[in-house]
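*Asks:* Just one file: entry-v2.cif, with mmCIF, C-alpha atoms and all ligand atoms.
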data_structure
#
loop_
_atom_site.label_atom_id
_atom_site.label_comp_id
_atom_site.auth_asym_id
_atom_site.auth_seq_id
_atom_site.Cartn_x
_atom_site.Cartn_y
_atom_site.Cartn_z
CA MET A 1 29.99 29.62 -10.71
CA LYS A 2 30.63 32.27 -13.30
CA VAL A 3 28.57 32.77 -16.42
CA THR A 4 30.01 35.22 -18.97
CA PRO A 5 29.08 35.72 -22.61
CA ALA A 6 31.95 33.40 -23.48
CA MET A 7 31.65 30.57 -21.01
CA ILE A 8 30.12 28.87 -18.00
CA PHE A 9 32.74 28.17 -15.38
CA ILE A 10 32.19 26.09 -12.22
CA SER A 11 34.95 25.51 -9.71
CA SER A 12 35.06 23.89 -6.31
CA PRO A 13 37.68 22.36 -4.03
CA THR A 14 35.57 19.18 -3.98
CA VAL A 15 33.85 17.02 -6.57
CA GLN A 16 30.72 17.28 -4.43
CA GLY A 17 30.87 21.06 -4.80
CA LEU A 18 31.14 20.70 -8.58
CA PHE A 19 28.13 18.39 -8.52
CA HIS A 20 26.16 20.99 -6.58
CA GLY A 21 27.27 23.67 -9.04
CA LEU A 22 25.92 21.52 -11.85
CA GLN A 23 22.58 21.29 -10.06
CA SER A 24 22.45 25.10 -9.93
CA LEU A 25 23.21 25.18 -13.64
CA LYS A 26 20.49 22.61 -14.30
CA GLN A 27 18.03 24.77 -12.36
CA LEU A 28 19.09 27.85 -14.34
CA ILE A 29 18.68 26.07 -17.66
CA PHE A 30 15.24 24.71 -16.84
CA THR A 31 13.99 28.00 -15.44
CA SER A 32 15.19 30.10 -18.35
CA ALA A 33 12.89 31.18 -21.15
CA ALA A 34 14.17 28.76 -23.77
CA SER A 35 13.02 29.23 -27.34
CA GLN A 36 13.66 27.65 -30.74
CA ASP A 37 15.45 30.64 -32.20
CA LYS A 38 17.37 31.87 -29.16
CA GLY A 39 18.33 28.53 -27.64
CA ILE A 40 18.67 28.40 -23.86
CA PRO A 41 19.66 31.75 -22.40
CA VAL A 42 21.54 31.57 -19.10
CA PRO A 43 21.90 34.86 -17.25
CA ALA A 44 25.38 36.27 -16.76
CA LEU A 45 26.18 35.85 -13.10
CA LYS A 46 28.66 35.07 -10.41
CA ILE A 47 27.69 32.85 -7.47
CA THR A 48 29.86 31.99 -4.48
CA ASP A 49 28.04 29.40 -2.45
CA TYR A 50 28.35 26.69 0.16
CA PRO A 51 25.92 24.86 2.44
CA ARG A 52 25.16 25.94 6.00
CA PHE A 53 24.44 22.50 7.50
CA SER A 54 26.02 19.08 7.11
CA TRP A 55 22.67 17.27 7.54
CA ARG A 56 20.37 18.33 4.74
CA GLY A 57 17.85 15.57 4.92
CA MET A 58 14.66 14.21 3.49
CA HIS A 59 12.88 11.16 4.85
CA LEU A 60 10.51 8.71 3.19
CA ASP A 61 8.22 6.22 4.93
CA VAL A 62 7.88 3.11 2.77
CA GLY A 63 6.37 1.10 5.63
CA ARG A 64 2.83 2.45 5.42
CA TYR A 65 2.78 2.13 1.66
CA PHE A 66 5.48 0.31 -0.24
CA MET A 67 7.12 2.52 -2.88
CA SER A 68 8.91 0.76 -5.75
CA LYS A 69 12.67 0.88 -6.13
CA ASP A 70 12.21 3.07 -9.21
CA SER A 71 10.15 5.54 -7.16
CA VAL A 72 12.87 5.66 -4.53
CA ILE A 73 15.43 6.33 -7.27
CA ARG A 74 13.21 9.13 -8.55
CA TYR A 75 13.03 10.56 -5.00
CA ILE A 76 16.83 10.53 -4.87
CA ASP A 77 16.90 12.44 -8.16
CA PHE A 78 14.74 15.12 -6.54
CA LEU A 79 16.99 15.23 -3.48
CA ALA A 80 20.09 15.58 -5.66
CA LEU A 81 18.55 18.38 -7.71
CA TYR A 82 17.92 20.39 -4.53
CA LYS A 83 21.29 19.49 -2.97
CA PHE A 84 20.12 17.35 -0.09
CA ASN A 85 22.80 15.01 1.20
CA LYS A 86 20.90 12.63 3.52
CA PHE A 87 18.11 10.26 2.60
CA HIS A 88 16.46 8.79 5.70
CA TRP A 89 14.81 5.58 4.50
CA HIS A 90 12.11 4.46 6.95
CA LEU A 91 12.17 0.74 6.18
CA THR A 92 10.25 -1.00 8.95
CA GLU A 93 6.82 -0.33 10.38
CA ASP A 94 3.83 -1.94 12.08
CA GLN A 95 2.18 -2.04 8.65
CA GLY A 96 5.09 -3.55 6.73
CA TRP A 97 8.73 -4.70 6.84
CA ARG A 98 10.45 -3.63 3.62
CA ILE A 99 14.03 -4.90 3.68
CA GLU A 100 15.15 -8.42 2.84
CA ILE A 101 17.07 -9.99 5.72
CA ARG A 102 18.64 -13.28 4.63
CA LYS A 103 18.77 -14.80 8.09
CA TYR A 104 15.07 -14.10 8.76
CA PRO A 105 13.12 -14.75 5.54
CA LYS A 106 9.72 -14.51 7.23
CA LEU A 107 10.27 -10.78 7.72
CA THR A 108 9.52 -10.37 4.04
CA GLU A 109 7.48 -13.55 3.42
CA THR A 110 5.04 -12.53 6.16
CA GLY A 111 6.00 -9.09 7.46
CA ALA A 112 6.02 -7.31 4.11
CA TRP A 113 2.35 -8.01 3.49
CA ARG A 114 -0.90 -6.94 5.11
CA LYS A 115 -4.25 -8.41 4.24
CA GLU A 116 -6.00 -5.07 3.79
CA THR A 117 -5.80 -1.37 4.62
CA ILE A 118 -8.08 1.06 6.38
CA ILE A 119 -9.98 3.44 4.07
CA GLY A 120 -10.38 7.12 4.90
CA HIS A 121 -9.13 8.77 8.07
CA LEU A 122 -8.21 6.78 11.14
CA LYS A 123 -10.63 8.98 13.10
CA ASP A 124 -13.61 8.04 10.92
CA THR A 125 -16.24 5.78 12.48
CA PRO A 126 -16.95 3.07 11.75
CA ARG A 127 -13.56 1.98 10.46
CA VAL A 128 -13.77 0.62 6.93
CA TYR A 129 -11.17 -1.57 5.23
CA ASP A 130 -10.47 -2.08 1.52
CA GLY A 131 -10.11 -5.87 1.59
CA ILE A 132 -7.12 -5.58 -0.77
CA PRO A 133 -3.77 -7.09 0.23
CA HIS A 134 -0.86 -4.62 0.11
CA GLY A 135 2.85 -5.08 0.40
CA GLY A 136 6.29 -5.32 -1.09
CA TYR A 137 9.93 -5.19 -0.11
CA TYR A 138 13.39 -4.44 -1.46
CA THR A 139 15.81 -7.26 -2.10
CA GLN A 140 19.34 -6.74 -0.83
CA GLU A 141 20.39 -6.31 -4.45
CA GLU A 142 17.90 -3.48 -4.89
CA ILE A 143 19.00 -1.86 -1.65
CA ARG A 144 22.63 -1.89 -2.84
CA GLU A 145 21.53 -0.33 -6.11
CA VAL A 146 19.71 2.50 -4.31
CA VAL A 147 22.61 3.12 -1.92
CA GLU A 148 25.06 3.29 -4.80
CA TYR A 149 22.79 5.49 -6.91
CA ALA A 150 22.50 7.90 -3.99
CA ALA A 151 26.25 7.82 -3.25
CA ASP A 152 26.98 8.75 -6.87
CA ARG A 153 24.94 11.88 -6.16
CA PHE A 154 26.67 12.60 -2.83
CA ILE A 155 23.67 11.44 -0.82
CA THR A 156 24.09 9.14 2.16
CA VAL A 157 21.25 6.73 2.79
CA ILE A 158 20.42 6.33 6.47
CA PRO A 159 18.34 3.19 7.07
CA GLU A 160 15.80 3.13 9.89
CA ILE A 161 15.05 -0.12 11.66
CA GLU A 162 12.39 0.60 14.30
CA MET A 163 12.67 -0.61 17.90
CA PRO A 164 11.32 -1.35 20.44
CA GLY A 165 7.93 -0.15 19.10
CA HIS A 166 6.60 0.13 15.55
CA ALA A 167 7.62 -3.53 15.33
CA GLN A 168 4.32 -5.26 14.74
CA ALA A 169 5.25 -6.53 11.26
CA ALA A 170 8.45 -8.06 12.66
CA ILE A 171 6.52 -9.67 15.51
CA ALA A 172 3.85 -10.90 13.07
CA SER A 173 6.70 -12.68 11.27
CA TYR A 174 8.32 -14.06 14.44
CA PRO A 175 5.79 -14.03 17.31
CA HIS A 176 8.38 -15.19 19.84
CA LEU A 177 9.93 -11.70 19.59
CA GLY A 178 6.80 -10.22 21.15
CA VAL A 179 6.04 -9.92 24.86
CA THR A 180 3.14 -12.39 24.83
CA GLY A 181 4.50 -14.80 22.20
CA LYS A 182 1.01 -14.85 20.68
CA PRO A 183 0.53 -14.46 16.91
CA VAL A 184 -0.37 -11.00 15.62
CA GLU A 185 -1.16 -9.71 12.15
CA VAL A 186 0.68 -7.10 10.17
CA LYS A 187 -1.24 -3.97 11.15
CA THR A 188 -3.99 -2.88 8.75
CA GLU A 189 -4.71 0.58 10.15
CA TRP A 190 -2.72 3.64 11.26
CA GLY A 191 -2.04 4.86 14.77
CA ILE A 192 0.25 3.56 17.48
CA SER A 193 0.41 -0.17 18.13
CA ASN A 194 0.50 -1.80 21.56
CA ILE A 195 2.76 -4.50 20.20
CA ILE A 196 6.36 -4.11 21.34
CA PHE A 197 9.53 -6.21 21.28
CA ASN A 198 10.19 -8.41 24.30
CA PRO A 199 13.34 -6.95 25.87
CA VAL A 200 15.16 -10.28 26.21
CA GLU A 201 18.32 -11.93 24.89
CA GLU A 202 16.54 -13.65 22.02
CA THR A 203 15.25 -10.32 20.73
CA PHE A 204 18.70 -8.74 20.93
CA ARG A 205 20.15 -11.66 19.02
CA PHE A 206 17.53 -11.08 16.32
CA LEU A 207 18.06 -7.32 16.19
CA GLU A 208 21.83 -7.64 16.14
CA ASP A 209 21.63 -10.21 13.33
CA VAL A 210 19.35 -7.86 11.40
CA LEU A 211 21.68 -4.93 12.03
CA GLU A 212 24.70 -6.99 10.89
CA GLU A 213 23.04 -7.37 7.50
CA VAL A 214 21.96 -3.71 7.52
CA LEU A 215 25.55 -2.59 8.19
CA GLU A 216 26.73 -4.68 5.24
CA LEU A 217 24.29 -2.87 2.97
CA PHE A 218 24.57 0.68 4.27
CA PRO A 219 28.00 2.34 4.64
CA SER A 220 26.32 5.27 6.48
CA GLU A 221 27.99 6.24 9.75
CA PHE A 222 24.53 6.93 11.20
CA ILE A 223 22.05 4.10 11.68
CA HIS A 224 18.51 5.10 12.73
CA ILE A 225 16.88 2.81 15.27
CA GLY A 226 13.55 4.59 15.61
CA GLY A 227 12.65 4.62 19.29
CA ASP A 228 9.49 6.70 18.88
CA GLU A 229 5.99 6.00 20.11
CA ALA A 230 6.81 2.76 21.92
CA LYS A 231 3.73 2.09 24.03
CA LYS A 232 4.75 0.30 27.21
CA ASP A 233 1.42 -1.38 28.07
CA GLN A 234 2.68 -4.88 27.30
CA TRP A 235 5.83 -4.29 29.35
CA LYS A 236 3.65 -3.03 32.23
CA ALA A 237 1.35 -6.05 32.03
CA SER A 238 4.08 -8.67 31.86
CA PRO A 239 5.26 -10.18 35.17
CA ALA A 240 8.48 -11.32 33.42
CA VAL A 241 9.28 -7.81 32.17
CA GLN A 242 8.44 -6.31 35.57
CA LYS A 243 10.79 -8.80 37.20
CA GLN A 244 13.48 -7.86 34.70
CA ILE A 245 13.02 -4.14 35.52
CA ARG A 246 13.54 -4.90 39.22
CA GLU A 247 16.52 -7.17 38.61
CA LEU A 248 18.23 -4.59 36.45
CA GLY A 249 17.63 -1.99 39.18
CA LEU A 250 15.66 0.20 36.81
CA LYS A 251 12.97 2.63 37.90
CA ASP A 252 10.34 2.05 35.25
CA GLU A 253 9.53 1.15 31.62
CA ASP A 254 11.16 4.34 30.31
CA GLU A 255 14.42 3.29 31.90
CA LEU A 256 13.95 -0.15 30.38
CA GLN A 257 13.62 1.42 26.92
CA SER A 258 16.76 3.43 27.65
CA TRP A 259 18.56 0.24 28.72
CA PHE A 260 17.37 -1.40 25.48
CA ILE A 261 18.63 1.45 23.30
CA ARG A 262 21.96 1.65 25.17
CA ARG A 263 22.58 -1.96 24.36
CA ILE A 264 21.98 -1.35 20.66
CA GLU A 265 24.07 1.81 20.83
CA LYS A 266 27.00 -0.20 22.19
CA PHE A 267 26.59 -2.76 19.42
CA LEU A 268 26.69 -0.04 16.76
CA SER A 269 29.55 1.87 18.41
CA GLU A 270 31.69 -1.27 18.52
CA ARG A 271 31.23 -1.51 14.76
CA GLY A 272 32.22 2.09 14.17
CA ARG A 273 28.70 3.37 13.60
CA ARG A 274 26.63 6.01 15.34
CA LEU A 275 23.11 5.50 16.63
CA ILE A 276 20.47 8.09 15.83
CA GLY A 277 16.91 7.91 17.15
CA TRP A 278 13.72 9.93 17.61
CA ASP A 279 13.62 12.16 20.69
CA GLU A 280 11.84 9.56 22.85
CA ILE A 281 15.30 7.98 23.31
CA LEU A 282 15.92 10.79 25.82
CA GLU A 283 13.29 9.35 28.15
CA GLY A 284 14.82 7.24 30.87
CA GLY A 285 18.30 8.52 29.97
CA LEU A 286 20.11 9.05 26.68
CA ALA A 287 22.66 6.46 25.49
CA PRO A 288 26.24 7.78 25.62
CA ASN A 289 26.98 8.49 21.94
CA ALA A 290 23.44 8.78 20.63
CA THR A 291 22.31 11.48 18.23
CA VAL A 292 18.75 12.75 18.62
CA MET A 293 16.26 13.50 15.88
CA SER A 294 13.89 16.02 17.44
CA TRP A 295 10.36 15.65 16.10
CA ARG A 296 7.98 16.45 18.98
CA GLY A 297 8.95 20.10 18.71
CA ILE A 298 12.48 21.27 19.48
CA LYS A 299 12.62 20.61 23.22
CA GLY A 300 14.28 17.22 22.85
CA GLY A 301 16.80 18.68 20.46
CA ILE A 302 17.69 21.48 22.87
CA GLU A 303 18.01 19.05 25.77
CA ALA A 304 20.29 16.73 23.80
CA ALA A 305 22.48 19.57 22.50
CA GLU A 306 22.79 20.99 26.04
CA MET A 307 24.14 17.57 27.09
CA GLY A 308 26.67 17.67 24.25
CA HIS A 309 24.89 15.28 21.88
CA ASP A 310 24.46 15.91 18.19
CA VAL A 311 20.97 16.71 16.96
CA VAL A 312 18.98 16.72 13.74
CA MET A 313 15.94 18.97 13.86
CA SER A 314 12.72 17.74 12.35
CA PRO A 315 9.88 19.25 14.39
CA THR A 316 6.31 18.53 13.32
CA THR A 317 5.63 22.30 13.38
CA HIS A 318 7.89 23.01 10.38
CA CYS A 319 9.17 19.77 8.88
CA TYR A 320 6.23 17.36 8.62
CA LEU A 321 5.32 17.31 4.96
CA ASP A 322 2.43 14.92 5.66
CA TYR A 323 0.50 17.86 7.12
CA TYR A 324 -1.98 19.83 4.99
CA GLN A 325 -0.34 22.47 2.82
CA SER A 326 -3.45 24.58 2.31
CA ASP A 327 -7.07 24.65 3.47
CA PRO A 328 -8.05 20.98 3.99
CA GLU A 329 -11.24 21.68 2.01
CA ASN A 330 -9.11 21.94 -1.12
CA GLU A 331 -6.69 19.14 -0.36
CA PRO A 332 -6.63 15.36 -0.60
CA LEU A 333 -7.14 13.61 2.75
CA ALA A 334 -4.07 14.01 4.98
CA ILE A 335 -3.14 13.05 8.52
CA GLY A 336 -4.00 16.52 9.85
CA GLY A 337 -2.02 19.58 10.89
CA PHE A 338 -1.39 22.63 8.76
CA LEU A 339 1.99 23.45 7.32
CA PRO A 340 1.97 25.88 4.40
CA LEU A 341 5.06 26.61 2.34
CA GLU A 342 5.81 29.94 4.00
CA LYS A 343 5.95 28.33 7.43
CA VAL A 344 8.32 25.64 6.22
CA TYR A 345 10.52 28.33 4.70
CA SER A 346 10.52 30.34 7.94
CA TYR A 347 12.12 27.50 9.89
CA GLU A 348 15.36 28.27 11.74
CA PRO A 349 17.00 25.00 12.84
CA VAL A 350 19.25 26.48 15.53
CA PRO A 351 17.17 27.28 18.63
CA GLU A 352 17.77 30.65 20.30
CA GLU A 353 18.15 28.84 23.61
CA LEU A 354 21.52 27.37 22.62
CA ASP A 355 24.79 29.25 23.02
CA ALA A 356 27.27 29.22 20.14
CA GLU A 357 29.19 26.22 21.47
CA LYS A 358 26.08 24.07 21.96
CA ALA A 359 24.61 25.27 18.66
CA LYS A 360 27.41 23.37 16.89
CA HIS A 361 25.58 20.18 17.86
CA ILE A 362 22.72 21.05 15.51
CA LEU A 363 23.84 19.09 12.45
CA GLY A 364 20.95 20.33 10.37
CA ALA A 365 17.33 19.56 9.65
CA GLN A 366 15.13 17.20 7.71
CA GLY A 367 11.74 17.07 6.04
CA ASN A 368 9.67 13.98 6.84
CA VAL A 369 7.20 12.28 4.52
CA TRP A 370 5.02 9.80 6.43
CA THR A 371 2.77 7.98 4.02
CA GLU A 372 -0.33 6.84 5.91
CA TYR A 373 -2.36 9.00 3.55
CA MET A 374 -0.12 8.67 0.47
CA LYS A 375 -0.93 5.49 -1.37
CA THR A 376 1.24 6.12 -4.38
CA PHE A 377 4.45 7.88 -5.20
CA ARG A 378 2.42 10.49 -7.11
CA ASP A 379 0.84 11.35 -3.75
CA VAL A 380 4.31 11.64 -2.21
CA GLU A 381 5.32 14.07 -4.96
CA TYR A 382 2.22 16.14 -4.26
CA MET A 383 3.03 16.46 -0.55
CA ALA A 384 6.78 16.94 -1.04
CA PHE A 385 6.50 19.59 -3.75
CA PRO A 386 6.90 22.44 -3.46
CA ARG A 387 7.61 22.21 0.28
CA MET A 388 10.85 20.25 0.01
CA THR A 389 12.36 23.14 -1.93
CA ALA A 390 11.75 25.32 1.14
CA ILE A 391 13.47 22.73 3.37
CA ALA A 392 16.35 22.71 0.86
CA GLU A 393 16.87 26.39 1.41
CA VAL A 394 16.42 26.16 5.21
CA VAL A 395 19.35 23.75 5.41
CA TRP A 396 21.52 25.33 2.73
CA SER A 397 21.24 29.11 3.05
CA GLN A 398 22.60 31.46 5.65
CA PRO A 399 19.73 32.94 7.67
CA GLU A 400 20.57 36.50 6.61
CA SER A 401 20.16 35.65 2.93
CA LYS A 402 16.70 34.12 3.37
CA ASP A 403 13.79 36.14 2.01
CA TYR A 404 10.39 34.54 1.43
CA ILE A 405 9.28 36.92 -1.32
CA ASP A 406 12.51 36.32 -3.21
CA PHE A 407 12.16 32.56 -2.65
CA SER A 408 8.56 32.64 -3.90
CA ASN A 409 9.57 34.42 -7.08
CA ARG A 410 12.37 31.96 -7.74
CA LEU A 411 10.13 29.00 -6.93
CA LYS A 412 7.55 30.12 -9.48
CA MET A 413 10.31 29.96 -12.07
CA HIS A 414 10.78 26.27 -11.18
CA VAL A 415 7.36 25.30 -12.54
CA PRO A 416 8.80 24.52 -16.01
CA LEU A 417 11.35 22.32 -14.25
CA PHE A 418 8.61 20.49 -12.30
CA GLU A 419 6.71 20.06 -15.55
CA ALA A 420 9.71 18.86 -17.52
CA LEU A 421 10.33 16.24 -14.84
CA ASP A 422 6.59 15.44 -14.66
CA ILE A 423 6.54 16.12 -10.92
CA ASN A 424 3.03 16.02 -9.46
CA TYR A 425 3.61 19.24 -7.48
CA SER A 426 0.80 20.83 -5.52
CA LYS A 427 -0.59 23.94 -7.16
CA THR A 428 -2.42 24.87 -3.98
CA GLY A 429 0.88 24.65 -2.13
CA MET A 430 2.57 27.15 -4.45
CA PRO A 431 3.00 30.79 -3.47
C1 LIG A 501 7.31 10.16 14.36
O1 LIG A 501 6.74 11.00 13.66
N1 LIG A 501 6.63 9.22 15.00
C2 LIG A 501 8.75 10.17 14.53
#
Can you give me the file's structure in the form of structure tokens?
*Replies:*
Amino acid sequence: MKVTPAMIFISSPTVQGLFHGLQSLKQLIFTSAASQDKGIPVPALKITDYPRFSWRGMHLDVGRYFMSKDSVIRYIDFLALYKFNKFHWHLTEDQGWRIEIRKYPKLTETGAWRKETIIGHLKDTPRVYDGIPHGGYYTQEEIREVVEYAADRFITVIPEIEMPGHAQAAIASYPHLGVTGKPVEVKTEWGISNIIFNPVEETFRFLEDVLEEVLELFPSEFIHIGGDEAKKDQWKASPAVQKQIRELGLKDEDELQSWFIRRIEKFLSERGRRLIGWDEILEGGLAPNATVMSWRGIKGGIEAAEMGHDVVMSPTTHCYLDYYQSDPENEPLAIGGFLPLEKVYSYEPVPEELDAEKAKHILGAQGNVWTEYMKTFRDVEYMAFPRMTAIAEVVWSQPESKDYIDFSNRLKMHVPLFEALDINYSKTGMP
């Protein structure tokens, strides 16, 4: 980009590059000291720029609280403005199933709704519930609209369909998919559920049917299958599952999860897609072409990259935007943790442990927004801003050009932009 007294000139070998150039221009315009008499001054400058990583991601959990299609569109606008190119849409949870599946209507008739929601923190005693039903889902038409809106802004939407855990809403809709076959409710509180898919043919038929519809809706090469926090208690307690483990010649429940994920990985591979899952998919053996999203620190990411698998880094320590951004005394209730802006900004996605060849497997990084403690999209904005601007720079900039003081000064200039867009940014989270 070149700005001279005579003109503003943006060039790029790709249309995507031009789009990114326009975002820079938009940022410059909004951060300039515009006035009635002088118009909008844009500084004379020359910028040569390109992104460091191919996975510049932001995630949004719509399972814990449903966020309207318009809110999701607004989120995509934010991602586009800060040049993210992946939107990880967490669509299924214990507390709600959010995507219409034509073959299984109960997923949204039953699974998209919970009768009430826990109030306050999960750790509070006694647990108190609001008695207010909550839910919602996206029709396939709405999903197509979001995917297309994102694609027009060079953002790929990666859907996440959770398995074998975080599946309580699916099992509430179709109890035969569970290990016991007994009815369960859509979960009304946070935390990890004991309810897990039964690892049998009928379940695979269901999941493959669901994925067939998902693949129709999402052109993304990567399909996220979750894989995190699958408690194995029901598998341990079930004589049928134990028999299956023995018959398959597997060592334990971790190997059974691995067997489960491998089967889904094969299904996706045969359809030209790539499976991505949380780092628990390493336990019991990683499926052949799987990509790992490392969230419990970076160990899983390092292990996967060492084995030649691609990795997206999203460790809780630097990328979990559901953590407190300043002293909890001054903040709305959050899940816990402490992740101020400066720490987010300091994140280096390529671990020192990896040599140059293995480091190529680090596709990039991603900020995650889990919404247990974010009831509304205004709350999401509060937790995401300003920290997602730090993630944006982590995944875009070369490490040698990063400078927190410089970033802070530039970020402060974005306040008029946040205000013009009516973003509910956190003032306590600002530098
Ligand atoms: C996760 O935060 N359970 C991936």
*Asks:* Can you work out the spacing between CA of Phe204 (chain A) and CA of Gly308 (chain A) in Å, to one decimal?
*Replies:*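 Separation between CA of Phe204 (chain A) and CA of Gly308 (chain A): 27.8 Å.
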*Asks:* Show which residues sit within 8 Å of region 366-375 of chain A, as a list in words. Count only C-alpha atoms, and ignore same-chain residues fewer than 4 positions away.
*Replies:*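 Residues meeting the cut-off are Trp55, Arg56, Gly57, Met58, His59, Leu60, Asp61, Val62, Gly63, Arg64, Tyr65, Trp190, Val312, Met313, Ser314, Cys319, Tyr320, Leu321, Asp322, Leu333, Ala334, Ile335, Asp379, Val380, Met383, Ala384, Met388 and Ile391 of chain A.
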*Asks:* Pick out the closest residue to Glu116 (chain A) from this set: A:Asp152, A:Glu353, A:Glu185, A:Asp49. Count all atoms listed in the file.
*Replies:*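 Among A:Asp152, A:Glu353, A:Glu185, A:Asp49, it is A:Glu185 that comes nearest to Glu116 (chain A).
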*Asks:* With all atoms listed in the file counted, collect every polymer residue having an atom within 7 Å of ligand LIG 501 (chain A); state the result as a PyMOL selection string.
*Replies:* chain A and resi 228-229+278+295
*Asks:* Emit the selected residues as a PDB file, keeping the file's coordinate frame, including C-alpha atoms.
*Replies:*
ATOM      1  CA  ASP A 228       9.490   6.700  18.880  1.00  0.00           C
ATOM      2  CA  GLU A 229       5.990   6.000  20.110  1.00  0.00           C
ATOM      3  CA  TRP A 278      13.720   9.930  17.610  1.00  0.00           C
ATOM      4  CA  TRP A 295      10.360  15.650  16.100  1.00  0.00           C
TER       5      TRP A 295
END
*Asks:* Between CA of Phe206 (chain A) and CA of Val72 (chain A), what is the distance in Å, rounded to a tenth?
*Replies:* 27.1 Å
*Asks:* In Å to one decimal, how far is CA of Phe87 (chain A) from CA of Pro105 (chain A)?
*Replies:* 25.7 Å
*Asks:* Env of Glu212 (chain A): 12 Å cut, atoms = all atoms listed in the file, seq-sep filter 2 positions within chain, self excluded. Answer as JSON, numbers by chain.
*Replies:* {"A": [101, 102, 103, 161, 204, 205, 206, 207, 208, 209, 210, 214, 215, 216, 217, 218, 219, 223, 264, 267, 268, 270, 271, 273]}
*Asks:* Please provide the set of residues having any atom within 8 Å of Phe66 (chain A), restricted to only C-alpha atoms, with same-chain residues fewer than 4 positions apart removed, written as JSON, numbers by chain.
*Replies:* {"A": [62, 96, 98, 135, 136, 137]}
